[in-house]
Each structure stands twice: as structure tokens, then as C-alpha cells.
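Report on one structure; see the data block that follows.
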There are 6 protein chains.
Amino acid sequence: MRFNAAHRVHNPALSDAENSAIFGKCNNPNWHGHNYTLDVSVEGGVDAGTGYVCDLSKLKDIVEREIIDRVDHKNFNLDVAFMEGVIPTSENIVLAFWKILESKVRPGRLTRLVLWETENNYVEYAGN
Amino acid sequence: MRFNAAHRVHNPALSDAENSAIFGKCNNPNWHGHNYTLDVSVEGGVDAGTGYVCDLSKLKDIVEREIIDRVDHKNFNLDVAFMEGVIPTSENIVLAFWKILESKVRPGRLTRLVLWETENNYVEYAGN
Amino acid sequence: MRFNAAHRVHNPALSDAENSAIFGKCNNPNWHGHNYTLDVSVEGGVDAGTGYVCDLSKLKDIVEREIIDRVDHKNFNLDVAFMEGVIPTSENIVLAFWKILESKVRPGRLTRLVLWETENNYVEYAGN
Amino acid sequence: MRFNAAHRVHNPALSDAENSAIFGKCNNPNWHGHNYTLDVSVEGGVDAGTGYVCDLSKLKDIVEREIIDRVDHKNFNLDVAFMEGVIPTSENIVLAFWKILESKVRPGRLTRLVLWETENNYVEYAGN
Amino acid sequence: MRFNAAHRVHNPALSDAENSAIFGKCNNPNWHGHNYTLDVSVEGGVDAGTGYVCDLSKLKDIVEREIIDRVDHKNFNLDVAFMEGVIPTSENIVLAFWKILESKVRPGRLTRLVLWETENNYVEYAGN
Amino acid sequence: MRFNAAHRVHNPALSDAENSAIFGKCNNPNWHGHNYTLDVSVEGGVDAGTGYVCDLSKLKDIVEREIIDRVDHKNFNLDVAFMEGVIPTSENIVLAFWKILESKVRPGRLTRLVLWETENNYVEYAGN
């Protein structure tokens, strides 16, 4: 699943100088953005009647409704309710996505989220 | 060459309602962003002494200095001087890049710019 | 734009032996299939009001409605009316797509179709 | 390893209406197809004499002979003996591949199979 | 078509210091190497009997026999007869490939060769 | 992280005939080469002040300084001190990289290295 969003990596508890020193160009006050790619893995047994672990088109609908529609072409710092008060790094975005998706994909068991911020950088989370 | 930037596709000569109708979610007032990929083609004869049409590492330095350093992790509407007063669509971005690069790559002849906004959408310009 | 389809490269005017000799495993009577990728290029001037050559989301809707909905998860030999009586090679598929799209993308000018049958094989058509 | 195949996701124990409701367009009676990609992982110690865990060109030959030659340009429902009586979802295909490959790659230990049906959908199996 | 090869970009008519100044790390005396990708385009009418411009599996055999078998896992400076006395830049490699392939693909008309040295750098040649 | 290098898979303890039999064309005495891709994974908790597990731009600097600068455009058999006396297979290269990186990425915990020799072949190491 892909979406495009703007963000600014910024910790409001720190001064502007500290933010700039820690986050460098990712702290640009006028935002920058990415084409994010999200990879969602769900684990389970193969259903004898369908041959599916889960119906991927239904899984896609869930991720589209619960995640993509709420973040695509949005600003993570200003437009996304579930990111309020959180520094929008890929790590924190993935943790927020996990909280949302974990219950929605049941009875499938969410086992891994991978979020690509660029084609070279990704964060992987497998629950704790 | 890759860079990340935020933008808002918006025509200030139109009303908010018109902008929203024309540009849809690309008009989000709080910005969104992309991982852009820029493909630069330069044409010429093969130099007998080097076997090169042009030295790609020098070409890379030129594009980095003239383009990437001025747009990477920036906001096309607010941070980029050469985009002032222009709607930052891929079409207009490519035209602006062309004006900048055309003279800088000489004696090579700039023959094509391709700008990928996402892995599915691109604009190609070959001069006029 | 991507779609998945089955086909059999087969010329009914030839014998089974001739078909097998010419088309090899692509002639399998029980079909085989591909994830096709279609790349559509439209040329034109940049509109001053929008900064667009054409609205890519509208272009996407056109290609989706005119092409993808009629071939996705289909069999080119049995299910696709506009391929009737034509050997469904990538060459012939692209020619058929061109005939359909050329008028639909106006006032944009269709300039190139590229159809990838696999990530290694593609056919490119630029009109005649 | 890549191969192209046709299939129809269909459970003969169910009615046509039930099949259509469950499997949607993947149930098209005239088949559709994919460019499948199979990723095979084998685990083991590094051999001191060769510096290899296993000789990848030999592993490639095994997968080619045992899997690719039997499914490439084939129809999973009609042409593939080891899929007889099984709904040809990616899950069931991967399970069948695992049964075949597990003993053939010894003394290497098969640790993971990933089957990509499209560039967006994959099934991963690590044994049980 | 892909192949792996070593090379050293070096002009024997120049001093070591000049070579190092011009070619930088590509001049490493102990070689370095690449996974090259070669994209071959052949133009022609669609044959009514086959639906093909040319049979891609035959084209693949030609490129494999004429090019890949002679350069794969080779050293462009030492192992490849048709590159003797030529600085093995991508530009010169492509020109040499063109001379070889042009007549072999007839009656198809060779229209473009693209050689990727890395996923970011390529040379394109369309004849003169 | 990407780098280009030459190598020859060769065990000096074996005869030329044995080397050729075992390693095939990878044993070419005049070297061949690859565009390698290295994927580095570091695990840890999310820092509350930064929202990062680790600062990827710092991690990138570490990998660039400790690995890329020492192998890019080099010959693994002749130019790389830490590979001396080791057959330069991907397996052995990854083990050597692990030894170097493990302490440098602390307090992050190195959890996985994946080295792609071509887009089809990779070695994955997760420590022991």
C-alpha cells in the first residue's frame, strides 16, 4: 500500500537550535514529504474452504480504510488525529499503525509492519 | 537523482472551492510530499581520450549543486526561489529544472528530463 | 496501470504442430498468464490555469474504464471483445489499446504506449 | 526465480455463486494469470573449502528442475500434477513447493519460501 | 539481459596520474565490476501470421549468443576480443554491441540499445 | 547502501582444475564484478526525545566510513585488508562486515545484514 504525505521531524519540547542539530534537514519548518510504502503481514492457518490465510482483497480494504484514507496526501503533524503529540518519525508512525491494525485484521494475527520512507530507508516492527 | 519535497498544487488566482475541485487531494492546505526521482539525459559524441560522452560523476555534481541542494527536503511553494509564482506541478518543476540545467551541462546537450513524482506518474520533457 | 490476464499465443489458421513450433510454451492449450504493466504517455502544452498537460487522475480514470476494467483478470482469447479474431501477442494488444485510447485522451495527444508482459519483455508503440 | 502461469481460484465443493462471492474476479471461469516470483532461502554453515552455505547455481538448477519446469507457462488447475485437488491460491502453491523442495535442497535446510503473485501481494512460509 | 563483468576505465595513452585525475576510482588498477543490464529494441511491422514484430525468444537467443556469452563474468579489458584497444566505458561498450547486433537481428531493425552500469547510470544509443 | 567491486571466487588451497569445477565462471582469473547492495538492520527501543531507534543518517555515515569507503570500486581479493585470506563469497563478505559493524552501531543492536550480489541472489545473516 502506498501513500504520499508531508511531515516535519520536530520535538516541541526542544529549542529550534536543538531540533535543527538533531534532525537536520528533516526539521525544515516548511515541511517536506515522502511516497511511503507500507507492507502488512498477517499470519494464520490456511482455511480449507478458501485456500486463504486471509482474503488479501479484504485485508487491502481494511488497510485502505483504517490507514491510507487517513494519511494519504496529508500532513502527519497537522492532519492526522492519531499522530497528535507524537514526533512523526517512521518508528512512531509504524507503532501508531500497529495499534490501529492489530484488532482490525482479526482473526488474522498481525505479525509485521514494514514502512518504507524512501526506497533506501525502512522501519520494521513485529510487535513486542 | 532523488530528493524529497513537500508541495501543494494550488492556483492562487482561483477560489478555494475551484482549487479543490480541480486539484482534489493534491490541494491539501497543509501540504503533502513525494520522493521525486529525476532522470537527466545529455547527448553528444564520444570523446576519444576518455571514452565518455560526458563524465557522469561531474554531471551528477552539477545536478546535485544546481537542483538537488535547492529542493531536497524543501517545500516547493515556500522554499524554492525559482518556483516562485508557479504552480508546483511536475510539469512546471521540470520546465524550471530544464531552464537551469540547459546551460550548466554544456558542452553536453540536454536532451531529456524525466521527473517521477511516484513510481506510477512521471513527466518527460525534451525541450521544444 | 497494472492488470493480470491469461492468454494463449495461437494462430487458428495454422495447425497445432505449426503453432507449437512457432510459439513454443506460449502456445500451451490450457493458457498461461501475466501481470501486465501499461505505460500511457500523452503530450501537450502546459495549461496556465492548472500547470498540467493533462490531469493524471482523469487520465487514470480513462485508462481504468476503457482498458483495465475490460481486461483485468480476464482471458484475452475468450473474454475480451476487442481482441476477437486477433492473436493476443503484446504487439496486437498494444495496437488494440491504441485504437481505443487515442480518441478518449483528447485533447491530449497519445504519443506512446508501452506494455510490459514481464519485467524483461515489453512492446512500445508510438503510432504510425 | 520467475515463472508465468494461469489459474482460477475456485473451490469445486461450493456452488458457482458461492465461489463468485468468495473469490470475486479471481474466480473468472476463463482463467487469468500472473508473473510469479519465488524466493527460496536455505540455511546452513559456511563451508570452509568453498565459502558457500550452498552453491547458488546448483540451488537454482534444483528449483528450475523441480518447480519452474513443471509450472512455467502452465495452468495450475489443469496442468500441474502436484496441485491436483487443491485450490491454487498462493498459500497452497507455496505449501506444495515446500513439500517438494524440502528434501531436494539437503543438506541445506529450507527456511523460507516467499511467493509473489503480483508486486504487491506475497505469501511467506517458514515451515511449521 | 543481465551480465556481470569487471573493468577498469583507463586510457593507456595517458600517464597514471592523468588517468587517475580523469577517471577517479573507476581507474582502480585492480579492477572493479558491475551487474550490467542491456535493453535491446528492435523495430518492425507486426507479422500477420505470428502477431510478432520479432520472436522475443529468438531475439533473446541472439543477444545471449552474440553478447552475453562473450562478456558475462569476464573482464572487459582483458577477456573480450571485440573491446581490444578501446576504453571500456559504457559508451564504448554500447557502440561495440551495436556493431555486433545490428546485422544479427535482421530483418528486424535495431533501434535502441540501453546499457545500465548501475541502477542510476545508463547510456542510450539509437544509431547515427 | 550500494557499492561496486570486482572479485574472483577462488580457493588457493585447491588446484586450478578443482577451482574451475567448483566455482565455474565465478572463478574467471581475470575477475568479474557486481553492483552489491547491503541492507543493514539495527534494533532497539524508540527514543522518546527523538522518536528514533537510531538516527539513520548517522547509521549511514557509519556504514559508509566502515564498509563502503573500503570496498567501493575495489577488488575483494587484492584491495580489501579485512578479506585477506578469505574466499570472497557473499557469505564470507557478510561475516566480515558483521564483525566490523557490530560494535560500531552500538548502542543499537545489529540484527541482520543482507547482501545482494545480483538482484536475484542474496545472503542474509542474523548473527549466531
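Lettering and numbering for the C-alpha cells are positional, with chains as A, B, ... in the shown order, residues counted from 1 in each chain, and ligands counted from 1 in the shown order.
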At a cut-off of 10 Å, can you tabulate as JSON lines every residue of chain C near chain E together with its closest atom pair and the distance in Å to one decimal, using only C-alpha atoms and ordering rows by chain then number?
{"residue": "C:Val9", "atom": "CA", "partner": "E:Thr50", "partner_atom": "CA", "distance": 8.4}
{"residue": "C:His10", "atom": "CA", "partner": "E:Thr50", "partner_atom": "CA", "distance": 8.1}
{"residue": "C:Asn11", "atom": "CA", "partner": "E:Thr50", "partner_atom": "CA", "distance": 6.9}
{"residue": "C:Pro12", "atom": "CA", "partner": "E:Gly49", "partner_atom": "CA", "distance": 9.8}
{"residue": "C:Ala13", "atom": "CA", "partner": "E:Gly49", "partner_atom": "CA", "distance": 8.3}
{"residue": "C:Leu14", "atom": "CA", "partner": "E:Gly49", "partner_atom": "CA", "distance": 8.6}
{"residue": "C:Asn19", "atom": "CA", "partner": "E:Thr50", "partner_atom": "CA", "distance": 9.0}
{"residue": "C:Ile22", "atom": "CA", "partner": "E:Thr50", "partner_atom": "CA", "distance": 7.8}
{"residue": "C:Phe23", "atom": "CA", "partner": "E:Thr50", "partner_atom": "CA", "distance": 8.2}
{"residue": "C:Gly24", "atom": "CA", "partner": "E:Ser57", "partner_atom": "CA", "distance": 9.4}
{"residue": "C:Val86", "atom": "CA", "partner": "E:Gly51", "partner_atom": "CA", "distance": 8.0}
{"residue": "C:Ile87", "atom": "CA", "partner": "E:Gly51", "partner_atom": "CA", "distance": 5.9}
{"residue": "C:Pro88", "atom": "CA", "partner": "E:Gly51", "partner_atom": "CA", "distance": 7.5}
{"residue": "C:Thr89", "atom": "CA", "partner": "E:Gly51", "partner_atom": "CA", "distance": 5.8}
{"residue": "C:Ser90", "atom": "CA", "partner": "E:Tyr52", "partner_atom": "CA", "distance": 8.0}
{"residue": "C:Glu91", "atom": "CA", "partner": "E:Tyr52", "partner_atom": "CA", "distance": 6.2}
{"residue": "C:Asn92", "atom": "CA", "partner": "E:Gly51", "partner_atom": "CA", "distance": 6.2}
{"residue": "C:Ile93", "atom": "CA", "partner": "E:Gly51", "partner_atom": "CA", "distance": 9.5}
{"residue": "C:Leu95", "atom": "CA", "partner": "E:Val46", "partner_atom": "CA", "distance": 9.7}
{"residue": "C:Asn120", "atom": "CA", "partner": "E:Met1", "partner_atom": "CA", "distance": 7.6}
{"residue": "C:Asn121", "atom": "CA", "partner": "E:Leu56", "partner_atom": "CA", "distance": 7.8}
{"residue": "C:Tyr122", "atom": "CA", "partner": "E:Ser41", "partner_atom": "CA", "distance": 9.2}
{"residue": "C:Val123", "atom": "CA", "partner": "E:Ser41", "partner_atom": "CA", "distance": 8.9}
{"residue": "C:Glu124", "atom": "CA", "partner": "E:Ser41", "partner_atom": "CA", "distance": 9.0}
{"residue": "C:Tyr125", "atom": "CA", "partner": "E:Glu43", "partner_atom": "CA", "distance": 9.6}
Please run DSSP on the backbone and report, as a compact mmCIF listing (two decimals) with C-alpha atoms, in the first residue's frame, all residues within stretch 15-128 of chain C that come out as strand (DSSP E or B).
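Okay, this is what ended up in selection_28.txt:
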# COMPACT_ATOMS: atom_id res chain seq x y z
CA HIS C 32 -0.80 -19.15 -19.02
CA GLY C 33 -0.83 -15.59 -17.76
CA HIS C 34 0.96 -12.43 -16.85
CA ASN C 35 0.94 -9.36 -14.67
CA TYR C 36 0.91 -6.78 -17.42
CA THR C 37 2.04 -3.19 -16.89
CA LEU C 38 0.80 -0.49 -19.25
CA ASP C 39 2.54 2.89 -19.53
CA VAL C 40 0.47 5.59 -21.27
CA SER C 41 2.05 8.86 -22.49
CA VAL C 42 0.06 11.90 -23.51
CA GLU C 43 1.63 15.02 -24.98
CA LYS C 74 -9.68 -11.87 -18.00
CA ASN C 75 -8.64 -14.21 -20.77
CA ARG C 109 -2.31 13.61 -27.90
CA LEU C 110 -1.50 9.96 -27.26
CA THR C 111 2.22 9.63 -28.05
CA ARG C 112 3.39 6.31 -26.67
CA LEU C 113 2.11 3.07 -25.19
CA VAL C 114 4.49 0.65 -23.53
CA LEU C 115 3.17 -2.76 -22.49
CA TRP C 116 5.35 -4.89 -20.20
CA TYR C 122 7.98 -5.02 -23.46
CA VAL C 123 6.43 -3.65 -26.62
CA GLU C 124 6.46 0.08 -27.35
CA TYR C 125 4.18 1.77 -29.88
For this session: Would you please extract all alpha helix (DSSP H) residues from chain F, as assigned by DSSP on the backbone, and give them as number ranges by chain?
Result: F: 16-23, 56-63, 69-71, 90-104
For this session: Would you work out the distance separating atom CA of A:Gly44 from atom CA of A:Leu101, expressed in Å to one decimal?
Result: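 Value for the atom CA of A:Gly44-atom CA of A:Leu101 distance: 15.5 Å.
Residue nearest D:Arg8 within the list D:Met83, D:Ile68, D:Cys26, D:Ala21: D:Cys26 [criterion: smallest interatomic distance, only C-alpha atoms].
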